[in-house]
Every structure is written in structure tokens, then in C-alpha cells.
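Below: entry_28.txt (compact mmCIF, C-alpha atoms)
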# COMPACT_ATOMS: atom_id res chain seq x y z
CA MET B 2 -189.65 124.34 -60.50
CA LYS B 3 -190.97 125.59 -63.86
CA ILE B 4 -190.54 128.99 -65.54
CA ALA B 5 -193.93 130.53 -66.44
CA CYS B 6 -193.63 133.08 -69.21
CA PRO B 7 -196.14 135.62 -70.58
CA ILE B 8 -197.18 135.41 -74.21
CA SER B 9 -199.54 137.50 -76.34
CA SER B 10 -199.14 136.14 -79.88
CA PRO B 11 -198.66 132.81 -81.66
CA GLU B 12 -195.57 134.34 -83.27
CA GLU B 13 -193.84 134.38 -79.85
CA VAL B 14 -194.15 130.64 -79.22
CA GLU B 15 -190.96 129.51 -80.95
CA MET B 16 -188.88 132.32 -79.47
CA LEU B 17 -189.96 131.54 -75.91
CA ALA B 18 -189.91 127.76 -76.28
CA GLU B 19 -186.41 127.70 -77.76
CA ASN B 20 -185.11 129.88 -74.93
CA GLY B 21 -186.40 127.98 -71.94
CA ALA B 22 -190.07 128.74 -71.28
CA GLU B 23 -191.66 125.74 -69.57
CA GLU B 24 -195.18 127.14 -69.17
CA VAL B 25 -196.87 130.05 -70.93
CA TYR B 26 -199.90 132.08 -69.96
CA CYS B 27 -201.96 134.43 -72.09
CA GLY B 28 -205.15 136.45 -72.20
CA LEU B 29 -207.94 136.37 -74.76
CA THR B 30 -210.33 139.19 -75.62
CA PRO B 31 -212.61 137.94 -78.40
CA LYS B 32 -214.77 140.15 -80.62
CA GLU B 33 -217.88 139.27 -78.59
CA TRP B 34 -216.37 141.07 -75.59
CA PHE B 35 -215.10 144.01 -77.66
CA SER B 36 -218.49 144.56 -79.27
CA ARG B 37 -220.15 144.97 -75.87
CA TYR B 38 -217.47 146.60 -73.72
CA ASN B 39 -214.79 147.96 -76.06
CA ILE B 40 -211.69 148.64 -73.95
CA ALA B 41 -213.49 150.26 -71.01
CA LEU B 42 -213.96 146.94 -69.18
CA TRP B 43 -211.17 144.38 -69.24
CA LEU B 44 -211.86 140.67 -69.41
CA ASN B 45 -208.65 140.00 -67.49
CA ARG B 46 -205.99 141.96 -65.65
CA ARG B 47 -204.27 143.35 -68.73
CA SER B 48 -205.41 145.76 -71.40
CA PRO B 49 -206.99 144.11 -74.46
CA ARG B 50 -204.68 146.08 -76.74
CA GLY B 51 -201.26 144.50 -76.96
CA ALA B 52 -201.57 142.14 -74.00
CA ASN B 53 -204.19 139.72 -75.29
CA VAL B 54 -204.78 137.30 -78.11
CA LEU B 55 -207.73 138.76 -80.05
CA SER B 56 -209.38 135.72 -81.65
CA TYR B 57 -210.06 132.06 -81.00
CA GLU B 58 -208.18 131.24 -84.19
CA ALA B 59 -205.03 132.93 -82.85
CA LEU B 60 -205.45 131.15 -79.51
CA ALA B 61 -205.68 127.81 -81.31
CA GLN B 62 -202.47 128.56 -83.21
CA LEU B 63 -200.74 129.53 -79.97
CA VAL B 64 -201.87 126.36 -78.19
CA GLU B 65 -200.93 124.13 -81.11
CA GLY B 66 -197.48 125.70 -81.31
CA ALA B 67 -196.82 125.45 -77.58
CA HIS B 68 -198.01 121.86 -77.41
CA ARG B 69 -195.54 120.91 -80.14
CA TYR B 70 -192.90 121.82 -77.54
CA GLN B 71 -194.84 120.04 -74.76
CA ILE B 72 -195.42 123.42 -73.11
CA PRO B 73 -198.79 123.89 -71.34
CA VAL B 74 -200.86 127.02 -72.00
CA PHE B 75 -202.79 128.77 -69.22
CA LEU B 76 -205.55 131.26 -70.08
CA THR B 77 -206.41 134.22 -67.86
CA ALA B 78 -209.98 135.08 -66.85
CA ASN B 79 -208.98 136.87 -63.67
CA ALA B 80 -211.01 140.04 -63.31
CA HIS B 81 -212.06 140.70 -59.73
CA TYR B 82 -215.64 139.80 -60.62
CA TYR B 83 -218.02 139.49 -63.56
CA THR B 84 -221.62 140.60 -63.90
CA GLN B 85 -224.17 137.94 -64.84
CA GLU B 86 -223.99 139.03 -68.48
CA GLN B 87 -220.18 139.00 -68.46
CA GLN B 88 -220.08 135.64 -66.71
CA ALA B 89 -222.08 134.09 -69.55
CA LEU B 90 -219.45 135.33 -72.01
CA VAL B 91 -216.63 133.96 -69.86
CA LEU B 92 -218.32 130.56 -69.60
CA ASP B 93 -218.64 130.42 -73.37
CA LEU B 94 -215.02 131.52 -73.74
CA THR B 95 -213.92 128.75 -71.38
CA ARG B 96 -215.90 126.07 -73.23
CA ARG B 97 -214.21 127.08 -76.47
CA ALA B 98 -210.81 127.22 -74.76
CA VAL B 99 -211.31 123.65 -73.53
CA GLU B 100 -212.11 122.54 -77.09
CA ILE B 101 -208.97 124.30 -78.33
CA GLY B 102 -206.86 122.49 -75.74
CA VAL B 103 -205.94 125.16 -73.19
CA ASP B 104 -204.39 123.40 -70.20
CA ALA B 105 -205.71 125.52 -67.32
CA LEU B 106 -207.72 128.65 -66.55
CA ILE B 107 -206.32 131.37 -64.26
CA VAL B 108 -209.20 132.81 -62.21
CA GLY B 109 -209.67 135.17 -59.29
CA ASP B 110 -213.43 135.23 -58.72
CA PRO B 111 -214.88 132.43 -56.52
CA ALA B 112 -218.30 133.03 -58.11
CA LEU B 113 -216.81 132.20 -61.51
CA ILE B 114 -215.29 129.02 -60.10
CA LEU B 115 -218.70 127.90 -58.87
CA ALA B 116 -220.32 128.84 -62.17
CA LEU B 117 -217.74 126.83 -64.10
CA ARG B 118 -218.41 123.76 -61.99
CA GLU B 119 -222.20 124.19 -62.16
CA ALA B 120 -221.92 124.44 -65.95
CA GLY B 121 -219.95 121.19 -66.03
CA ILE B 122 -216.88 122.81 -67.61
CA ASP B 123 -213.96 120.60 -66.72
CA ILE B 124 -210.68 122.51 -66.86
CA PRO B 125 -207.87 122.74 -64.27
CA LEU B 126 -208.05 125.99 -62.30
CA HIS B 127 -205.18 128.17 -61.11
CA ILE B 128 -206.03 130.87 -58.59
CA SER B 129 -204.75 134.28 -59.62
CA ALA B 130 -202.94 136.56 -57.19
CA LEU B 131 -206.29 138.37 -57.09
CA GLY B 132 -207.49 135.43 -55.02
CA THR B 133 -205.36 136.85 -52.17
CA CYS B 134 -203.98 133.56 -50.88
CA PHE B 135 -202.05 134.86 -47.87
CA ASN B 136 -202.15 131.68 -45.78
CA ALA B 137 -202.48 127.91 -45.93
CA GLU B 138 -206.14 128.01 -44.93
CA THR B 139 -206.98 130.07 -48.01
CA ALA B 140 -205.02 127.65 -50.19
CA GLY B 141 -207.07 124.82 -48.67
CA PHE B 142 -210.28 126.72 -49.38
CA TYR B 143 -209.38 127.01 -53.06
CA LYS B 144 -208.34 123.36 -53.14
CA ASP B 145 -211.80 122.46 -51.85
CA LEU B 146 -213.30 124.53 -54.69
CA GLY B 147 -211.34 122.42 -57.16
CA ALA B 148 -208.21 124.48 -57.83
CA SER B 149 -204.93 122.72 -58.58
CA ARG B 150 -202.62 125.75 -58.13
CA VAL B 151 -202.51 129.05 -56.27
CA ILE B 152 -200.48 132.02 -57.45
CA LEU B 153 -199.19 133.63 -54.27
CA PRO B 154 -199.51 137.42 -53.86
CA ARG B 155 -196.49 139.65 -54.41
CA GLU B 156 -196.76 141.01 -50.88
CA LEU B 157 -195.78 137.75 -49.16
CA SER B 158 -192.31 137.43 -47.67
CA LEU B 159 -190.11 134.38 -48.21
CA ASP B 160 -190.93 133.25 -44.68
CA GLY B 161 -194.64 133.63 -45.42
CA ILE B 162 -194.32 131.60 -48.61
CA ARG B 163 -192.28 128.97 -46.78
CA ARG B 164 -194.99 128.49 -44.15
CA ILE B 165 -197.73 128.15 -46.75
CA VAL B 166 -195.83 125.76 -49.02
CA ALA B 167 -194.76 123.57 -46.10
CA LYS B 168 -198.42 123.03 -45.18
CA VAL B 169 -200.01 122.64 -48.62
CA LYS B 170 -197.40 121.41 -51.13
CA ASP B 171 -198.82 117.88 -51.03
CA LEU B 172 -202.33 119.23 -51.71
CA ILE B 173 -201.97 122.08 -54.18
CA ASP B 174 -199.22 123.63 -56.32
CA CYS B 175 -197.84 127.05 -55.44
CA GLU B 176 -196.56 129.66 -57.91
CA ALA B 177 -194.61 132.81 -57.03
CA PHE B 178 -193.77 136.05 -58.84
CA ILE B 179 -190.15 136.44 -59.87
CA LEU B 180 -189.64 139.29 -62.35
CA ASN B 181 -191.15 142.57 -63.65
CA ASP B 182 -194.14 144.75 -62.83
CA GLY B 183 -194.88 145.42 -59.20
CA CYS B 184 -198.17 146.55 -57.71
CA VAL B 185 -198.46 149.54 -55.40
CA TYR B 186 -201.48 148.18 -53.58
CA THR B 187 -202.45 144.62 -52.72
CA GLU B 188 -203.79 143.67 -56.13
CA GLY B 189 -206.58 141.44 -54.93
CA PHE B 190 -207.98 144.26 -52.75
CA CYS B 191 -207.56 147.02 -55.32
CA LEU B 192 -210.47 148.11 -57.51
CA THR B 193 -208.88 151.17 -59.13
CA THR B 194 -208.94 151.15 -62.92
CA HIS B 195 -206.00 150.92 -65.27
CA SER B 196 -208.16 151.35 -68.35
CA VAL B 197 -208.11 155.14 -68.76
CA GLY B 198 -204.70 156.78 -68.83
CA GLN B 199 -202.08 155.96 -66.21
CA ALA B 200 -203.21 153.96 -63.20
CA PHE B 201 -204.23 156.06 -60.20
CA CYS B 202 -201.62 154.42 -58.00
CA TYR B 203 -198.72 155.64 -60.16
CA ARG B 204 -199.77 159.29 -60.39
CA ASP B 205 -198.32 162.13 -58.36
CA TRP B 206 -200.60 163.28 -55.61
CA SER B 207 -201.39 166.87 -54.80
CA TYR B 208 -201.86 167.40 -51.09
CA ALA B 209 -201.95 170.17 -48.53
CA PHE B 210 -201.05 170.01 -44.86
CA HIS B 211 -203.62 171.68 -42.58
CA SER B 212 -202.73 172.14 -38.94
CA GLY B 213 -202.23 174.72 -36.27
CA SER B 214 -199.04 176.72 -35.94
CA GLY B 215 -196.09 175.92 -33.76
CA VAL B 216 -193.06 173.66 -33.65
CA ARG B 217 -195.09 170.44 -33.59
CA ALA B 218 -197.05 171.37 -36.71
CA GLN B 219 -193.86 172.25 -38.56
CA THR B 220 -192.27 168.94 -37.49
CA GLU B 221 -195.29 166.99 -38.73
CA ARG B 222 -195.23 168.89 -42.01
CA GLU B 223 -191.56 168.00 -42.52
CA ARG B 224 -192.15 164.37 -41.60
CA LEU B 225 -195.01 164.10 -44.09
CA ALA B 226 -192.90 165.67 -46.85
CA GLU B 227 -190.04 163.24 -46.12
CA HIS B 228 -192.42 160.28 -46.09
CA TYR B 229 -193.95 161.31 -49.41
CA LYS B 230 -190.48 161.70 -50.93
CA HIS B 231 -189.63 158.11 -49.97
CA TYR B 232 -193.03 156.90 -51.18
CA LYS B 233 -192.44 158.47 -54.60
CA GLU B 234 -189.00 156.82 -54.75
CA TRP B 235 -190.56 153.44 -54.02
CA ILE B 236 -193.21 154.04 -56.70
CA TRP B 237 -190.41 154.71 -59.19
CA TYR B 238 -188.89 151.29 -58.45
CA VAL B 239 -192.24 149.48 -58.54
CA ASN B 240 -193.03 151.13 -61.86
CA GLY B 241 -189.96 149.71 -63.59
CA CYS B 242 -187.35 152.25 -62.46
CA GLY B 243 -188.55 154.77 -64.99
CA CYS B 244 -188.56 152.12 -67.76
CA SER B 245 -184.76 152.06 -67.57
CA VAL B 246 -182.58 149.14 -68.67
CA SER B 247 -179.12 147.85 -67.82
CA HIS B 248 -176.31 148.16 -70.33
CA ARG B 249 -177.14 144.63 -71.53
CA GLY B 250 -180.77 145.59 -72.15
CA PHE B 251 -182.38 143.95 -69.11
CA GLN B 252 -185.41 145.88 -67.86
CA ASN B 253 -184.97 147.28 -64.36
CA GLY B 254 -187.80 146.92 -61.90
CA PRO B 255 -189.28 144.41 -59.44
CA CYS B 256 -187.02 141.38 -59.21
CA GLY B 257 -186.80 138.14 -57.26
CA LEU B 258 -183.75 136.51 -58.87
CA CYS B 259 -181.95 136.19 -55.53
CA ALA B 260 -184.99 134.35 -54.14
CA ILE B 261 -185.05 131.61 -56.79
CA LYS B 262 -182.79 129.32 -54.76
CA PRO B 263 -184.88 129.44 -51.53
CA LEU B 264 -188.12 129.18 -53.53
CA TYR B 265 -186.71 126.12 -55.28
CA ASP B 266 -185.69 124.56 -51.97
CA MET B 267 -189.16 125.21 -50.50
CA GLY B 268 -190.83 123.29 -53.31
CA VAL B 269 -192.51 126.17 -55.15
CA THR B 270 -193.93 124.67 -58.36
CA SER B 271 -193.48 127.58 -60.74
CA ILE B 272 -192.01 131.09 -60.89
CA LYS B 273 -193.81 133.77 -62.89
CA ILE B 274 -192.34 136.33 -65.25
CA VAL B 275 -194.82 139.19 -65.55
CA GLY B 276 -195.57 141.21 -68.67
CA ARG B 277 -198.08 139.98 -71.23
CA GLU B 278 -198.19 143.52 -72.60
CA ALA B 279 -194.41 143.74 -72.95
CA PRO B 280 -192.62 143.79 -76.33
CA SER B 281 -191.30 140.42 -77.46
CA LEU B 282 -187.71 141.50 -76.83
CA ARG B 283 -188.44 142.28 -73.19
CA LYS B 284 -190.11 138.89 -72.75
CA LEU B 285 -187.09 137.19 -74.30
CA LEU B 286 -184.51 139.05 -72.19
CA SER B 287 -186.53 138.46 -69.02
CA LEU B 288 -186.73 134.76 -69.80
CA LYS B 289 -182.99 134.55 -70.45
CA LEU B 290 -182.30 136.28 -67.13
CA VAL B 291 -184.48 133.89 -65.14
CA LYS B 292 -183.36 130.78 -66.98
CA THR B 293 -179.68 131.54 -66.34
CA VAL B 294 -180.35 131.56 -62.61
CA VAL B 295 -182.70 128.54 -62.64
CA ASP B 296 -180.18 126.45 -64.59
CA ARG B 297 -177.56 127.15 -61.93
CA VAL B 298 -180.00 126.48 -59.09
CA ARG B 299 -180.73 123.07 -60.57
CA THR B 300 -177.03 122.22 -60.22
CA GLU B 301 -177.47 122.58 -56.44
CA ALA B 302 -175.37 125.75 -56.21
CA SER B 303 -175.38 127.44 -52.80
CA GLU B 304 -177.62 130.37 -51.92
CA GLU B 305 -174.58 132.63 -51.61
CA GLU B 306 -173.43 131.67 -55.12
CA MET B 307 -176.90 132.30 -56.50
CA THR B 308 -177.18 135.72 -54.87
CA ALA B 309 -173.82 136.74 -56.31
CA LEU B 310 -174.81 135.48 -59.76
CA SER B 311 -178.17 137.25 -59.65
CA ARG B 312 -176.62 140.58 -58.68
CA SER B 313 -173.96 140.28 -61.36
CA LEU B 314 -176.58 139.58 -64.03
CA ARG B 315 -178.59 142.63 -63.03
CA ASP B 316 -175.57 144.95 -63.44
CA THR B 317 -177.25 147.49 -61.13
CA PRO B 318 -175.68 147.17 -57.65
CA GLY B 319 -177.09 150.51 -56.55
CA LEU B 320 -180.64 149.49 -57.43
CA CYS B 321 -180.18 146.11 -55.76
CA ASP B 322 -178.75 147.70 -52.59
CA SER B 323 -181.76 149.99 -52.26
CA GLY B 324 -184.00 147.03 -51.41
CA TYR B 325 -186.85 148.77 -53.21
CA MET B 326 -186.40 146.66 -56.34
CA CYS B 327 -186.70 143.32 -54.52
CA TYR B 328 -189.90 141.31 -54.51
CA TYR B 329 -188.63 139.46 -51.45
CA ARG B 330 -186.41 141.90 -49.58

Using C-alpha cells, write down the structure from this file.
Amino acid sequence: MKIACPISSPEEVEMLAENGAEEVYCGLTPKEWFSRYNIALWLNRRSPRGANVLSYEALAQLVEGAHRYQIPVFLTANAHYYTQEQQALVLDLTRRAVEIGVDALIVGDPALILALREAGIDIPLHISALGTCFNAETAGFYKDLGASRVILPRELSLDGIRRIVAKVKDLIDCEAFILNDGCVYTEGFCLTTHSVGQAFCYRDWSYAFHSGSGVRAQTERERLAEHYKHYKEWIWYVNGCGCSVSHRGFQNGPCGLCAIKPLYDMGVTSIKIVGREAPSLRKLLSLKLVKTVVDRVRTEASEEEMTALSRSLRDTPGLCDSGYMCYYR
């Protein structure tokens, strides 16, 4: 099992490599994309500002630095889809990424996969969570298209992951989310924009209850209000617990530390720390948190020991007990 870590600058390579990153993934938004689309349309699933490398020269420095540590670099091109004009830019980007030495491309659009193959661009492909691989048959479909890895959606349970991995682990690698940044909807089915202000899914809703009078209407009104209260609480957890941190500086929010042991035993290839847009310090602390648990898992510690360690590292028993903060509750 490898630790996949987000990166957004060549200056972060040494920090992450020296602290246990075993794979890194990044985005690239070159000037050619900016000149046509500015920040209104994203080339990948993170904002160009702060979450992406902004030139081929910077990407080359990042790749060179990571390769000195024998760490592979994966590049994201995982928008839901690209227009014909955009696809031409992505194909050119991929050709240049291959020349630079990027080790794999993370994609979510089957049309792009076909275009890459038709253009003769030979680069390993990892299927983004936007590829919605919810079962072994879908993993097999992507394998047939030439993918070497699938990144499993956040919404899968441990039992769901176990069933998929058991069927496909000899055919295709499987990667799972482990820390930071949840998604309110199923990401691969969600076409709402994050590019203007706060994402729609994180905003408060205004609603009115229209019904006839009587006891039943009042009961339904109260049930809806209670449901919405719990929904807003869950949103708070998914959205990083109000950007709060533990007393040791670890970011609160979606977490799968307790699941590392069963994921390891299943044969999951890689676990993903989310947050290309995060400050370097948050990336570092997240990596340290995950690496502490992975190092113990590799000593064949029991699942009970690993759960206890994970909870103690989080320092937030109340948040853990809620169940809302768990990727794999």
C-alpha cells in the first residue's frame, strides 16, 4: 500500500518526500488554457489558482525533483468532459507531460481515454473518482479501455471496496480516499460548479413548507425541520468541521484512518490524501498523520490496535463518535 499525496509546487517535493510520500499527484493549468478560459472553466477538479502548477517548466521541475526520490508523479486531467476544442488542448498537454516524464494521467472522461489512444499517446491511465467505479464490472470496463488503476468513489463502504478488490486486484490497481475533503453529492454524477463563490452544495438553503392545516401537516413540518438540521450538521463535517483543527494542528474533517488496516489487508494499492489546494503545512501534517498509521499497519498490528491509535492521533473523540467524520463509517 502506497501513500498518495497532493502537491501543487516544485518547492513542496522535498518536504513531502522526506516525510513519507510515496506517490504524488498534481494539476497543471498552462497559459494556453488560461488565455481561452481564464478561471471560469477548470481543466481539472481543482481551481487553477493555488491548486495547480501553472507552467510546463514548473511541472518539469516537480517531476525531476520527485524522480530523484523515486516517487512517481500523476497528472490530473479529470474534468467530467471536454469540448472538442478543449480536448485538443488536453491532448497537447498530455504529449508534453509524457516528454517531461509524468508517470500517469488521472482521467474521468471515457471520450478522452479514446482520444488519447487514437492519438497514439502512450501514458498509463488512472481513472478518477469521477469515473464512478462502483463495482467490479466497471473496473473491468476501464481495464479494457487501457487503464491500470481505478480510484474508488468516496461513497463506497468497506464491504463494497472489499468485493471489488477481491474480483479485480489481479487485473487492475485500486486506490481509495483516506483523508480530507468530502463531497456532498456523488462527485462523478455532480455537475454543479465550484468556480464562482462557494459551491452550491455547501450553501444554506432557503425553503418553505406548503401543506394543508392539521396535525399531520404540523408533524411533517417538524420532521422536515429536524431532517434539515441533521443535514446541515453533516455538511459541517464534510466541509472540514468548520476548518477547525486539533490542538496538535491536524485538520478536522473527512477521515479514514481507522480503515487503513482493513484496506491494507484487502490489497488496496494506494490511499489518497486529498487537498491540492491546501497550504503546504496542511499537506505535511496530513501526510504525517497517515504515515504514522501506515507504518504501524505494516508491522502487522491488529485492527483494534490501529483503531485505538487512529482515534488517539485525531484527538477529537466527540467528532469520531459522531460517525459523520468517517469516510468508511

Report task. Find the residues with any atom within 8 Å of (-188.2, 133.5, -65.9); use all atoms listed in the file and the coordinates as given in the file, and write the answer as an MDAnalysis selection string. Result -> chainID B and resid 4:6 22 179:180 272:274 287:292

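Computed from the coordinates, the CA of Gly189 (chain B) to CA of Leu42 (chain B) distance equals 17.0 Å.
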
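You will find CA of Cys175 (chain B) at 15.5 Å from CA of Glu23 (chain B).
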
Counting all atoms listed in the file, what are the residues of region 133-230 of chain B within 10 Å of region 248-254 of chain B, and for each of them which pair of atoms is the nearest and at what distance in Å, to one decimal? Sort the table by chain and rising number, as a Markdown table.
| residue | atom | partner | partner_atom | distance |
| --- | --- | --- | --- | --- |
| B:Leu180 | CA | B:Gly254 | CA | 7.9 |
| B:Asn181 | CA | B:Gly254 | CA | 5.8 |
| B:Asp182 | CA | B:Gly254 | CA | 6.8 |
| B:Gly183 | CA | B:Gly254 | CA | 7.7 |

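In this comparison, which uses only C-alpha atoms, the residue of B:Thr317, B:Ser247, B:Ser129, B:Ser10 approaching Leu60 (chain B) most closely is B:Ser10.
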
Excluding Glu19 (chain B) and its own-chain neighbours fewer than 4 positions away, which residues fall within 9 Å of it when counting all atoms listed in the file? Please give them as a PyMOL selection string.
chain B and resi 14-15+70

The residue from B:Pro111, B:Gly243, B:Gly51, B:Gly66 with the smallest atom-to-atom distance to Tyr83 (chain B), counting only C-alpha atoms, is B:Pro111

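With distances restricted to all atoms listed in the file, B:Tyr329 is the closest residue to Pro154 (chain B) from B:Trp43, B:Met16, B:Tyr329, B:Ile101.
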
>> For Leu126 (chain B), find every residue with an atom within 9 Å (counting all atoms listed in the file), except residues of its own chain fewer than 3 positions away, and show them as a PyMOL selection string.
In response: chain B and resi 105-108+114+147-151

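Among B:Ala140, B:Ile236, B:Ala78, B:Ala177, the residue with the shortest atom-to-atom distance to Ala260 (chain B), counting all atoms listed in the file, is B:Ala177.
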
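The gap separating CA of Lys3 (chain B) from CA of Arg299 (chain B) is 11.0 Å, in Å to one decimal.
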